[in-house]
file entry05.tsv (TSV, C-alpha atoms)
chain	number	residue	atom	x	y	z
A	1081	MET	CA	-4.83	28.68	-20.05
A	1082	ALA	CA	-4.10	27.91	-16.39
A	1083	GLY	CA	-0.49	27.19	-15.48
A	1084	PRO	CA	1.93	27.26	-12.52
A	1085	GLN	CA	1.49	31.03	-11.97
A	1086	THR	CA	-2.32	30.97	-12.10
A	1087	ILE	CA	-4.39	31.65	-9.01
A	1088	ILE	CA	-6.50	28.50	-8.62
A	1089	LEU	CA	-9.32	28.66	-6.11
A	1090	HIS	CA	-10.78	25.38	-4.86
A	1091	HIS	CA	-14.25	26.32	-3.63
A	1092	TYR	CA	-17.99	25.90	-4.03
A	1093	PRO	CA	-20.54	28.64	-4.80
A	1094	ALA	CA	-22.42	28.67	-1.46
A	1095	SER	CA	-19.28	28.87	0.71
A	1096	PRO	CA	-19.21	32.22	2.60
A	1097	PHE	CA	-15.47	32.07	3.19
A	1098	SER	CA	-14.98	31.44	-0.53
A	1099	GLU	CA	-17.11	34.47	-1.33
A	1100	LYS	CA	-14.78	36.55	0.81
A	1101	VAL	CA	-11.85	35.47	-1.37
A	1102	ARG	CA	-13.84	35.83	-4.60
A	1103	LEU	CA	-14.71	39.39	-3.58
A	1104	ALA	CA	-11.04	40.21	-2.93
A	1105	LEU	CA	-10.17	38.83	-6.37
A	1106	ARG	CA	-12.89	40.97	-7.96
A	1107	MET	CA	-11.67	44.07	-6.16
A	1108	LYS	CA	-8.13	43.46	-7.41
A	1109	ASN	CA	-9.46	42.56	-10.89
A	1110	LEU	CA	-7.22	39.48	-10.95
A	1111	GLY	CA	-7.55	36.60	-13.36
A	1112	TRP	CA	-8.06	33.24	-11.69
A	1113	ALA	CA	-9.17	29.67	-12.28
A	1114	SER	CA	-12.08	27.99	-10.49
A	1115	VAL	CA	-12.11	24.40	-9.30
A	1116	GLU	CA	-15.50	23.55	-7.82
A	1117	ILE	CA	-15.17	21.06	-4.96
A	1118	PRO	CA	-17.83	19.15	-2.96
A	1119	ASN	CA	-19.34	20.91	0.05
A	1120	MET	CA	-18.67	17.82	2.17
A	1121	MET	CA	-16.23	14.94	2.36
A	1122	PRO	CA	-14.90	13.01	0.52
A	1123	LYS	CA	-12.76	15.39	-1.52
A	1124	PRO	CA	-10.38	12.97	-3.25
A	1125	LEU	CA	-8.87	15.48	-5.66
A	1126	LEU	CA	-8.25	18.09	-2.97
A	1127	MET	CA	-6.71	15.96	-0.21
A	1128	PRO	CA	-3.42	15.28	-2.11
A	1129	LEU	CA	-2.88	19.05	-2.17
A	1130	THR	CA	-3.82	19.78	1.44
A	1131	GLY	CA	-2.53	16.72	3.26
A	1132	GLY	CA	-5.93	16.16	4.84
A	1133	TYR	CA	-7.03	19.72	5.57
A	1134	ARG	CA	-10.71	19.76	4.59
A	1135	LYS	CA	-12.00	23.31	5.05
A	1136	THR	CA	-13.04	25.58	2.18
A	1137	PRO	CA	-11.60	27.49	0.37
A	1138	VAL	CA	-8.08	26.47	-0.66
A	1139	MET	CA	-5.92	28.52	-3.01
A	1140	GLN	CA	-3.24	26.98	-5.21
A	1141	ILE	CA	-0.49	28.74	-7.14
A	1142	GLY	CA	1.59	26.03	-8.76
A	1143	ALA	CA	2.85	23.87	-5.91
A	1144	ASP	CA	2.16	26.45	-3.20
A	1145	ILE	CA	-1.08	25.72	-1.34
A	1146	PHE	CA	-2.70	28.39	0.84
A	1147	LEU	CA	-5.11	27.25	3.55
A	1148	ASP	CA	-7.72	29.36	5.33
A	1149	SER	CA	-9.22	32.52	3.85
A	1150	ALA	CA	-7.06	34.73	6.08
A	1151	MET	CA	-3.86	33.23	4.65
A	1152	ILE	CA	-5.25	33.29	1.13
A	1153	ILE	CA	-6.07	36.99	1.26
A	1154	ARG	CA	-2.71	37.79	2.86
A	1155	ALA	CA	-0.94	35.94	0.04
A	1156	ILE	CA	-2.99	37.72	-2.62
A	1157	GLU	CA	-2.07	41.07	-1.09
A	1158	GLU	CA	1.63	40.19	-0.95
A	1159	ARG	CA	1.89	38.79	-4.47
A	1160	PHE	CA	-0.38	41.29	-6.22
A	1161	GLU	CA	0.19	44.61	-4.49
A	1162	ILE	CA	-1.89	46.89	-6.72
A	1163	PRO	CA	-4.57	47.87	-5.98
A	1164	GLN	CA	-3.87	47.61	-2.28
A	1165	LEU	CA	-6.80	46.35	-0.23
A	1166	ASP	CA	-5.20	46.50	3.21
A	1167	LEU	CA	-5.46	50.27	3.13
A	1168	PRO	CA	-2.57	52.44	4.35
A	1169	GLY	CA	-2.97	53.53	7.94
A	1170	HIS	CA	-5.36	50.68	8.72
A	1171	GLU	CA	-2.96	47.74	8.65
A	1172	GLY	CA	-3.85	45.23	11.36
A	1173	LEU	CA	-7.40	46.53	11.67
A	1174	SER	CA	-8.60	44.31	8.83
A	1175	SER	CA	-7.27	41.21	10.61
A	1176	MET	CA	-9.08	42.19	13.81
A	1177	VAL	CA	-12.36	42.73	11.94
A	1178	GLY	CA	-11.80	39.47	10.05
A	1179	SER	CA	-11.34	37.57	13.29
A	1180	TRP	CA	-14.69	38.86	14.55
A	1181	ALA	CA	-16.51	38.24	11.24
A	1182	ASP	CA	-15.09	34.71	10.91
A	1183	GLY	CA	-15.74	33.89	14.55
A	1184	LYS	CA	-18.51	35.40	16.66
A	1185	TRP	CA	-20.62	36.81	13.82
A	1186	PHE	CA	-20.25	33.74	11.61
A	1187	GLN	CA	-21.25	31.37	14.41
A	1188	THR	CA	-24.33	33.50	15.01
A	1189	SER	CA	-25.14	33.27	11.29
A	1190	VAL	CA	-24.76	29.49	11.36
A	1191	ALA	CA	-27.10	29.16	14.35
A	1192	ILE	CA	-29.81	31.24	12.66
A	1193	ILE	CA	-29.54	29.66	9.22
A	1194	PHE	CA	-29.44	26.03	10.29
A	1195	GLY	CA	-31.90	26.62	13.11
A	1196	THR	CA	-34.31	27.85	10.45
A	1197	ILE	CA	-33.67	25.50	7.51
A	1198	GLY	CA	-32.05	22.58	9.34
A	1199	ASP	CA	-34.96	20.24	8.58
A	1200	GLN	CA	-34.29	20.71	4.87
A	1201	VAL	CA	-30.60	19.79	5.12
A	1202	PRO	CA	-29.65	16.31	3.80
A	1203	GLU	CA	-28.62	13.77	6.43
A	1204	ALA	CA	-25.26	13.26	4.72
A	1205	PHE	CA	-24.50	16.96	5.16
A	1206	LYS	CA	-25.50	16.83	8.84
A	1207	LYS	CA	-23.21	13.86	9.47
A	1208	ASP	CA	-20.37	15.59	7.66
A	1209	ARG	CA	-20.75	18.72	9.76
A	1210	GLU	CA	-20.90	16.63	12.93
A	1211	GLN	CA	-17.52	15.13	12.00
A	1212	LEU	CA	-16.21	18.60	11.16
A	1213	SER	CA	-17.34	20.24	14.40
A	1214	GLY	CA	-17.06	17.26	16.76
A	1215	ARG	CA	-20.57	17.83	18.16
A	1216	PRO	CA	-24.14	16.84	17.23
A	1217	PHE	CA	-26.01	18.69	14.46
A	1218	ASP	CA	-28.97	19.31	16.74
A	1219	THR	CA	-31.63	21.15	14.72
A	1220	ASP	CA	-34.07	21.26	17.65
A	1221	ALA	CA	-31.50	22.99	19.85
A	1222	MET	CA	-30.68	25.43	17.06
A	1223	LYS	CA	-34.38	26.18	16.47
A	1224	ALA	CA	-34.82	27.03	20.13
A	1225	VAL	CA	-32.20	29.76	20.07
A	1226	VAL	CA	-33.04	31.34	16.69
A	1227	PRO	CA	-35.03	34.30	18.16
A	1228	MET	CA	-32.18	35.17	20.53
A	1229	MET	CA	-29.54	34.67	17.84
A	1230	LYS	CA	-31.40	36.99	15.48
A	1231	ASP	CA	-31.17	39.70	18.14
A	1232	GLN	CA	-27.44	39.01	18.44
A	1233	TRP	CA	-26.92	39.05	14.68
A	1234	ARG	CA	-28.67	42.38	14.21
A	1235	ALA	CA	-26.77	43.86	17.15
A	1236	GLN	CA	-23.51	43.02	15.41
A	1237	MET	CA	-24.72	44.51	12.12
A	1238	ALA	CA	-25.42	47.69	14.09
A	1239	TRP	CA	-21.64	48.12	14.45
A	1240	ILE	CA	-21.35	48.48	10.67
A	1241	GLU	CA	-24.08	51.11	10.67
A	1242	GLU	CA	-22.36	52.95	13.51
A	1243	ARG	CA	-19.01	52.90	11.67
A	1244	LEU	CA	-20.55	54.13	8.41
A	1245	ALA	CA	-22.39	56.93	10.24
A	1246	GLY	CA	-19.19	57.97	11.98
A	1247	GLY	CA	-17.15	57.95	8.80
A	1248	GLN	CA	-19.74	59.91	6.84
A	1249	GLY	CA	-20.09	62.40	9.65
A	1250	ALA	CA	-16.33	62.98	9.65
A	1251	GLY	CA	-16.24	63.34	5.86
A	1252	ALA	CA	-14.27	60.09	5.46
A	1253	GLY	CA	-16.47	58.56	2.75
A	1254	ASN	CA	-19.05	55.84	2.36
A	1255	TRP	CA	-16.87	52.82	3.14
A	1256	LEU	CA	-15.91	51.40	6.51
A	1257	VAL	CA	-12.49	52.99	6.96
A	1258	SER	CA	-11.73	55.06	3.87
A	1259	THR	CA	-12.97	56.78	0.74
A	1260	LYS	CA	-12.60	53.47	-1.12
A	1261	PRO	CA	-13.41	49.86	-0.20
A	1262	GLY	CA	-10.70	47.73	1.39
A	1263	LEU	CA	-10.17	44.55	3.38
A	1264	VAL	CA	-12.25	45.76	6.32
A	1265	ASP	CA	-15.20	45.96	3.93
A	1266	VAL	CA	-14.37	42.50	2.51
A	1267	HIS	CA	-14.46	40.88	5.95
A	1268	ALA	CA	-17.64	42.69	7.04
A	1269	PHE	CA	-19.41	41.73	3.79
A	1270	MET	CA	-19.23	37.97	4.33
A	1271	ASN	CA	-22.00	37.43	6.88
A	1272	PRO	CA	-24.66	39.60	5.19
A	1273	TRP	CA	-23.87	37.74	1.94
A	1274	PHE	CA	-24.23	34.39	3.72
A	1275	MET	CA	-27.50	35.47	5.29
A	1276	GLU	CA	-28.89	36.73	1.98
A	1277	SER	CA	-28.06	33.41	0.31
A	1278	ALA	CA	-30.12	31.50	2.90
A	1279	LEU	CA	-32.61	33.87	4.58
A	1280	PRO	CA	-32.97	37.02	2.45
A	1281	ASP	CA	-36.15	38.16	4.23
A	1282	PHE	CA	-34.34	38.33	7.57
A	1283	LEU	CA	-31.52	40.37	6.02
A	1284	GLU	CA	-34.02	42.82	4.55
A	1285	GLN	CA	-35.71	43.09	7.93
A	1286	CYS	CA	-32.37	44.08	9.48
A	1287	PHE	CA	-31.64	46.55	6.70
A	1288	LYS	CA	-34.82	48.48	7.61
A	1289	SER	CA	-33.04	49.58	10.79
A	1290	PHE	CA	-29.72	50.25	9.06
A	1291	PRO	CA	-30.11	52.19	5.80
A	1292	ARG	CA	-26.42	53.07	5.49
A	1293	THR	CA	-25.51	49.39	5.80
A	1294	ALA	CA	-28.09	48.45	3.17
A	1295	ASP	CA	-26.60	51.00	0.76
A	1296	TRP	CA	-23.02	49.87	1.55
A	1297	TYR	CA	-23.95	46.24	0.96
A	1298	LYS	CA	-25.57	47.05	-2.38
A	1299	ARG	CA	-22.42	48.88	-3.49
A	1300	MET	CA	-20.20	45.99	-2.41
A	1301	LYS	CA	-22.31	43.57	-4.46
A	1302	GLU	CA	-21.90	45.76	-7.54
A	1303	ILE	CA	-18.10	45.34	-7.59
A	1304	GLU	CA	-17.14	43.40	-10.71
A	1305	GLY	CA	-14.03	41.48	-11.70
A	1306	GLN	CA	-12.78	38.97	-14.21
A	1307	THR	CA	-14.71	35.83	-15.10
A	1308	PRO	CA	-12.69	32.82	-13.86
A	1309	GLU	CA	-11.46	30.02	-16.07
A	1310	GLU	CA	-13.14	26.71	-15.24
A	1311	LEU	CA	-10.67	24.00	-14.24
A	1312	SER	CA	-11.08	20.38	-13.14
A	1313	GLY	CA	-9.56	18.92	-10.00
A	1314	GLU	CA	-7.47	16.59	-12.17
A	1315	GLU	CA	-6.06	19.56	-14.10
A	1316	ALA	CA	-5.18	21.36	-10.86
A	1317	LEU	CA	-3.36	18.28	-9.58
A	1318	GLU	CA	-1.45	18.05	-12.85
A	1319	ILE	CA	-0.33	21.67	-12.50
A	1320	ALA	CA	0.94	21.00	-8.97
A	1321	LEU	CA	2.70	17.83	-10.13
A	1322	HIS	CA	4.76	19.70	-12.72
A	1323	ALA	CA	5.44	22.81	-10.60
A	1324	ALA	CA	7.79	23.54	-7.72
A	1325	PRO	CA	7.06	25.61	-4.61
A	1326	ARG	CA	8.22	29.22	-4.74
A	1327	LEU	CA	11.70	29.40	-3.27
A	1328	LYS	CA	11.63	30.64	0.32
A	1329	ALA	CA	14.51	31.08	2.74
A	1330	ALA	CA	13.98	28.88	5.79
A	1331	ALA	CA	13.39	30.94	8.92
A	1332	THR	CA	12.24	30.22	12.48
A	1333	ARG	CA	13.94	32.96	14.49
A	1334	GLY	CA	12.17	33.94	17.71
A	1335	GLU	CA	9.93	30.88	17.84
A	1336	LEU	CA	8.39	30.37	21.28
A	1337	GLN	CA	8.45	26.58	20.77
A	1338	GLU	CA	12.02	26.82	19.44
A	1339	PHE	CA	11.20	25.15	16.14
A	1340	GLU	CA	14.05	24.66	13.69
A	1341	PRO	CA	13.86	24.52	9.87
A	1342	GLY	CA	13.26	20.98	8.69
A	1343	GLU	CA	11.60	19.82	11.91
A	1344	HIS	CA	8.68	17.42	11.48
A	1345	VAL	CA	5.51	19.07	12.78
A	1346	ALA	CA	1.73	18.85	12.48
A	1347	VAL	CA	-0.66	21.78	11.94
A	1348	ALA	CA	-4.42	21.94	12.54
A	1349	PRO	CA	-7.18	24.54	13.09
A	1350	ASP	CA	-7.86	25.30	16.75
A	1351	ASP	CA	-11.67	25.49	16.42
A	1352	TYR	CA	-13.14	22.74	14.20
A	1353	GLY	CA	-12.02	20.52	11.36
A	1354	ARG	CA	-8.98	19.47	13.41
A	1355	ASP	CA	-7.32	17.30	10.79
A	1356	TRP	CA	-3.60	17.41	11.53
A	1357	VAL	CA	-1.43	18.03	8.48
A	1358	GLU	CA	2.16	16.83	8.74
A	1359	GLY	CA	5.26	18.25	7.11
A	1360	GLU	CA	8.69	19.80	7.62
A	1361	ILE	CA	8.99	23.41	8.71
A	1362	VAL	CA	10.13	25.91	6.11
A	1363	ILE	CA	9.00	29.12	7.83
A	1364	ALA	CA	7.62	29.66	11.32
A	1365	ALA	CA	6.76	33.29	12.02
A	1366	PRO	CA	4.26	35.18	14.18
A	1367	ASP	CA	1.83	35.52	11.27
A	1368	ARG	CA	2.28	32.21	9.39
A	1369	ILE	CA	3.59	28.68	9.33
A	1370	VAL	CA	4.83	27.12	6.07
A	1371	ILE	CA	5.51	23.40	5.88
A	1372	HIS	CA	6.93	21.25	3.11
A	1373	ARG	CA	5.37	17.91	2.30
A	1374	HIS	CA	5.30	15.24	-0.41
A	1375	ASP	CA	2.36	13.49	-2.01
A	1376	ASP	CA	2.54	10.83	-4.69
A	1377	LYS	CA	-0.11	12.61	-6.78
A	1378	ALA	CA	1.34	16.11	-6.48
A	1379	GLU	CA	5.03	15.61	-5.65
A	1380	THR	CA	6.53	18.40	-3.53
A	1381	LEU	CA	4.31	21.07	-2.01
A	1382	ASN	CA	4.58	24.00	0.36
A	1383	LEU	CA	1.50	24.47	2.54
A	1384	HIS	CA	0.89	27.96	3.96
A	1385	PHE	CA	-1.23	28.42	7.12
A	1386	PRO	CA	-1.98	31.54	9.16
A	1387	ARG	CA	-0.63	31.38	12.69
A	1388	THR	CA	-3.73	32.82	14.33
A	1389	GLY	CA	-6.36	30.11	14.62
A	1390	PHE	CA	-3.95	27.21	14.05
A	1391	MET	CA	-2.04	24.93	16.39
A	1392	VAL	CA	1.46	23.65	15.63
A	1393	ARG	CA	2.95	20.69	17.47
A	1394	ARG	CA	6.28	18.95	17.22
A	1395	LEU	CA	6.28	15.33	16.11
A	1396	GLY	CA	8.77	12.73	17.32

call {"tool": "encode", "arguments": {"input": "entry05.tsv", "output": "structure tokens"}}
result
Amino acid sequence: MAGPQTIILHHYPASPFSEKVRLALRMKNLGWASVEIPNMMPKPLLMPLTGGYRKTPVMQIGADIFLDSAMIIRAIEERFEIPQLDLPGHEGLSSMVGSWADGKWFQTSVAIIFGTIGDQVPEAFKKDREQLSGRPFDTDAMKAVVPMMKDQWRAQMAWIEERLAGGQGAGAGNWLVSTKPGLVDVHAFMNPWFMESALPDFLEQCFKSFPRTADWYKRMKEIEGQTPEELSGEEALEIALHAAPRLKAAATRGELQEFEPGEHVAVAPDDYGRDWVEGEIVIAAPDRIVIHRHDDKAETLNLHFPRTGFMVRRLG
């Protein structure tokens, strides 16, 4: 039964960033609980936990809330060290690959998918994504660039093929950086998975040029883990209400903005979904920002954000 030490993932099945986290959980063979959330606003049972942050996925452990897949995977690695996914000797590389996969390659995937199936997307979803991105959901414009974006997408997949060929040629194994799969593989897996879920024929067309990548992808899909416990949003809120954040020593040493513990700040993504979340600083470090906040439905919470990709500003 889920409790304050349970990994609770707030997600929905079609979310590519959620699949990245689900894959990491499978690779670590960790038990976890699943809370399925809507793929668009409103998200009334999630907002008390996140303070207004609306992106997917969100991970909860008791009253500690982890936002953005990069922060979620980092927290999983830190709390559950074995088996290690950020493979020895490749630390830092996974974050660089993740930044590319979450950014340039993902945006190319979005352009192709919605340029192809945009006419089938409900109007409510389009309006939600316009609010999320701050720009029009222009299916005609996306359709016009699909042929060029497909070229771009396949060109980026070619990097995976090149890496696999190089590793196999050097006797380093059939994974991207080692003789076993790790976080680099997790990050690279996301966009092919997203493409297969929407446009499987295009993925297969790309695989014809990249047989090593096709084989690698098949092996990644075969990785199994534990079946999650199903949990409701109300049950997750109840767990947070009766839990306390994990004790952390306040620390802000070396901050470029000279933040101090307890300062009132706001945090938001720097790309889209710029919903500012307010709280008091617990930790400000080069790789993360942790803020403390209160909500009537969940009491006291610590919210954990990655530093890369997020803006932090001081409030009066």

call {"tool": "atom_distance", "arguments": {"input": "entry05.tsv", "atom1": "atom CA of Pro1349 of chain A", "atom2": "atom CA of Met1391 of chain A"}}
result
6.1 Å

call {"tool": "residues_around", "arguments": {"input": "entry05.tsv", "residues": "Leu1126 of chain A", "least_positions_apart": "4", "cutoff": "9 Å", "atoms": "all atoms listed in the file", "output": "ChimeraX atom specification"}}
result
/A:1090,1117,1130-1134,1138,1313,1317

call {"tool": "write_last_selection", "arguments": {"input": "entry05.tsv", "atoms": "C-alpha atoms", "output": "PDB file, in the coordinates of the input"}}
result
ATOM      1  CA  HIS A1090     -10.780  25.380  -4.860  1.00  0.00           C
ATOM      2  CA  ILE A1117     -15.170  21.060  -4.960  1.00  0.00           C
ATOM      3  CA  THR A1130      -3.820  19.780   1.440  1.00  0.00           C
ATOM      4  CA  GLY A1131      -2.530  16.720   3.260  1.00  0.00           C
ATOM      5  CA  GLY A1132      -5.930  16.160   4.840  1.00  0.00           C
ATOM      6  CA  TYR A1133      -7.030  19.720   5.570  1.00  0.00           C
ATOM      7  CA  ARG A1134     -10.710  19.760   4.590  1.00  0.00           C
ATOM      8  CA  VAL A1138      -8.080  26.470  -0.660  1.00  0.00           C
ATOM      9  CA  GLY A1313      -9.560  18.920 -10.000  1.00  0.00           C
ATOM     10  CA  LEU A1317      -3.360  18.280  -9.580  1.00  0.00           C
TER      11      LEU A1317
END

call {"tool": "atom_distance", "arguments": {"input": "entry05.tsv", "atom1": "atom CA of Leu1381 of chain A", "atom2": "atom CA of Ser1114 of chain A"}}
result
19.7 Å

call {"tool": "residues_around", "arguments": {"input": "entry05.tsv", "residues": "Gly1178 of chain A", "least_positions_apart": "2", "cutoff": "9 Å", "atoms": "only C-alpha atoms", "output": "list of chain:residue names"}}
result
A:Ala1150, A:Leu1173, A:Ser1174, A:Ser1175, A:Met1176, A:Trp1180, A:Ala1181, A:Asp1182, A:Gly1183, A:Leu1263, A:Val1264, A:Val1266, A:His1267, A:Ala1268

call {"tool": "atom_distance", "arguments": {"input": "entry05.tsv", "atom1": "atom CA of Lys1135 of chain A", "atom2": "atom CA of Leu1110 of chain A"}}
result
23.2 Å

call {"tool": "closest_residue", "arguments": {"input": "entry05.tsv", "among": "A:Lys1100, A:Lys1207, A:Arg1354, A:His1091", "to": "Lys1301 of chain A", "atoms": "all atoms listed in the file"}}
result
A:Lys1100

call {"tool": "residues_around", "arguments": {"input": "entry05.tsv", "residues": "Glu1343 of chain A", "least_positions_apart": "5", "cutoff": "8 Å", "atoms": "only C-alpha atoms", "output": "PDB file with C-alpha atoms, in the frame of the given file"}}
result
ATOM      1  CA  GLU A1360       8.690  19.800   7.620  1.00  0.00           C
ATOM      2  CA  ILE A1361       8.990  23.410   8.710  1.00  0.00           C
ATOM      3  CA  ARG A1394       6.280  18.950  17.220  1.00  0.00           C
TER       4      ARG A1394
END

call {"tool": "residues_around", "arguments": {"input": "entry05.tsv", "residues": "Glu1315 of chain A", "least_positions_apart": "6", "cutoff": "10 Å", "atoms": "all atoms listed in the file", "output": "JSON list (two decimals) with C-alpha atoms, keeping the file's coordinate frame"}}
result
[["chain", "number", "residue", "atom", "x", "y", "z"],
["A", 1082, "ALA", "CA", -4.10, 27.91, -16.39],
["A", 1083, "GLY", "CA", -0.49, 27.19, -15.48],
["A", 1115, "VAL", "CA", -12.11, 24.40, -9.30],
["A", 1125, "LEU", "CA", -8.87, 15.48, -5.66],
["A", 1321, "LEU", "CA", 2.70, 17.83, -10.13]]

call {"tool": "closest_atom_pairs", "arguments": {"input": "entry05.tsv", "of": "segment 1163-1231 of chain A", "to": "segment 1271-1275 of chain A", "cutoff": "9 Å", "atoms": "only C-alpha atoms", "output": "Markdown table"}}
result
| residue | atom | partner | partner_atom | distance |
| --- | --- | --- | --- | --- |
| A:Ala1181 | CA | A:Asn1271 | CA | 7.1 |
| A:Asp1182 | CA | A:Asn1271 | CA | 8.4 |
| A:Trp1185 | CA | A:Asn1271 | CA | 7.1 |
| A:Phe1186 | CA | A:Asn1271 | CA | 6.2 |
| A:Ser1189 | CA | A:Met1275 | CA | 6.8 |
| A:Val1190 | CA | A:Met1275 | CA | 9.0 |
| A:Ile1192 | CA | A:Met1275 | CA | 8.8 |
| A:Ile1193 | CA | A:Met1275 | CA | 7.3 |

call {"tool": "closest_residue", "arguments": {"input": "entry05.tsv", "among": "A:Gly1262, A:Pro1163, A:Gly1305, A:Pro1137", "to": "Met1151 of chain A", "atoms": "only C-alpha atoms"}}
result
A:Pro1137

call {"tool": "closest_residue", "arguments": {"input": "entry05.tsv", "among": "A:Val1225, A:Val1370, A:Ile1197, A:Leu1311", "to": "Glu1116 of chain A", "atoms": "only C-alpha atoms"}}
result
A:Leu1311

call {"tool": "closest_residue", "arguments": {"input": "entry05.tsv", "among": "A:Met1229, A:Val1177, A:Ala1294, A:Val1357", "to": "Asn1254 of chain A", "atoms": "all atoms listed in the file"}}
result
A:Ala1294
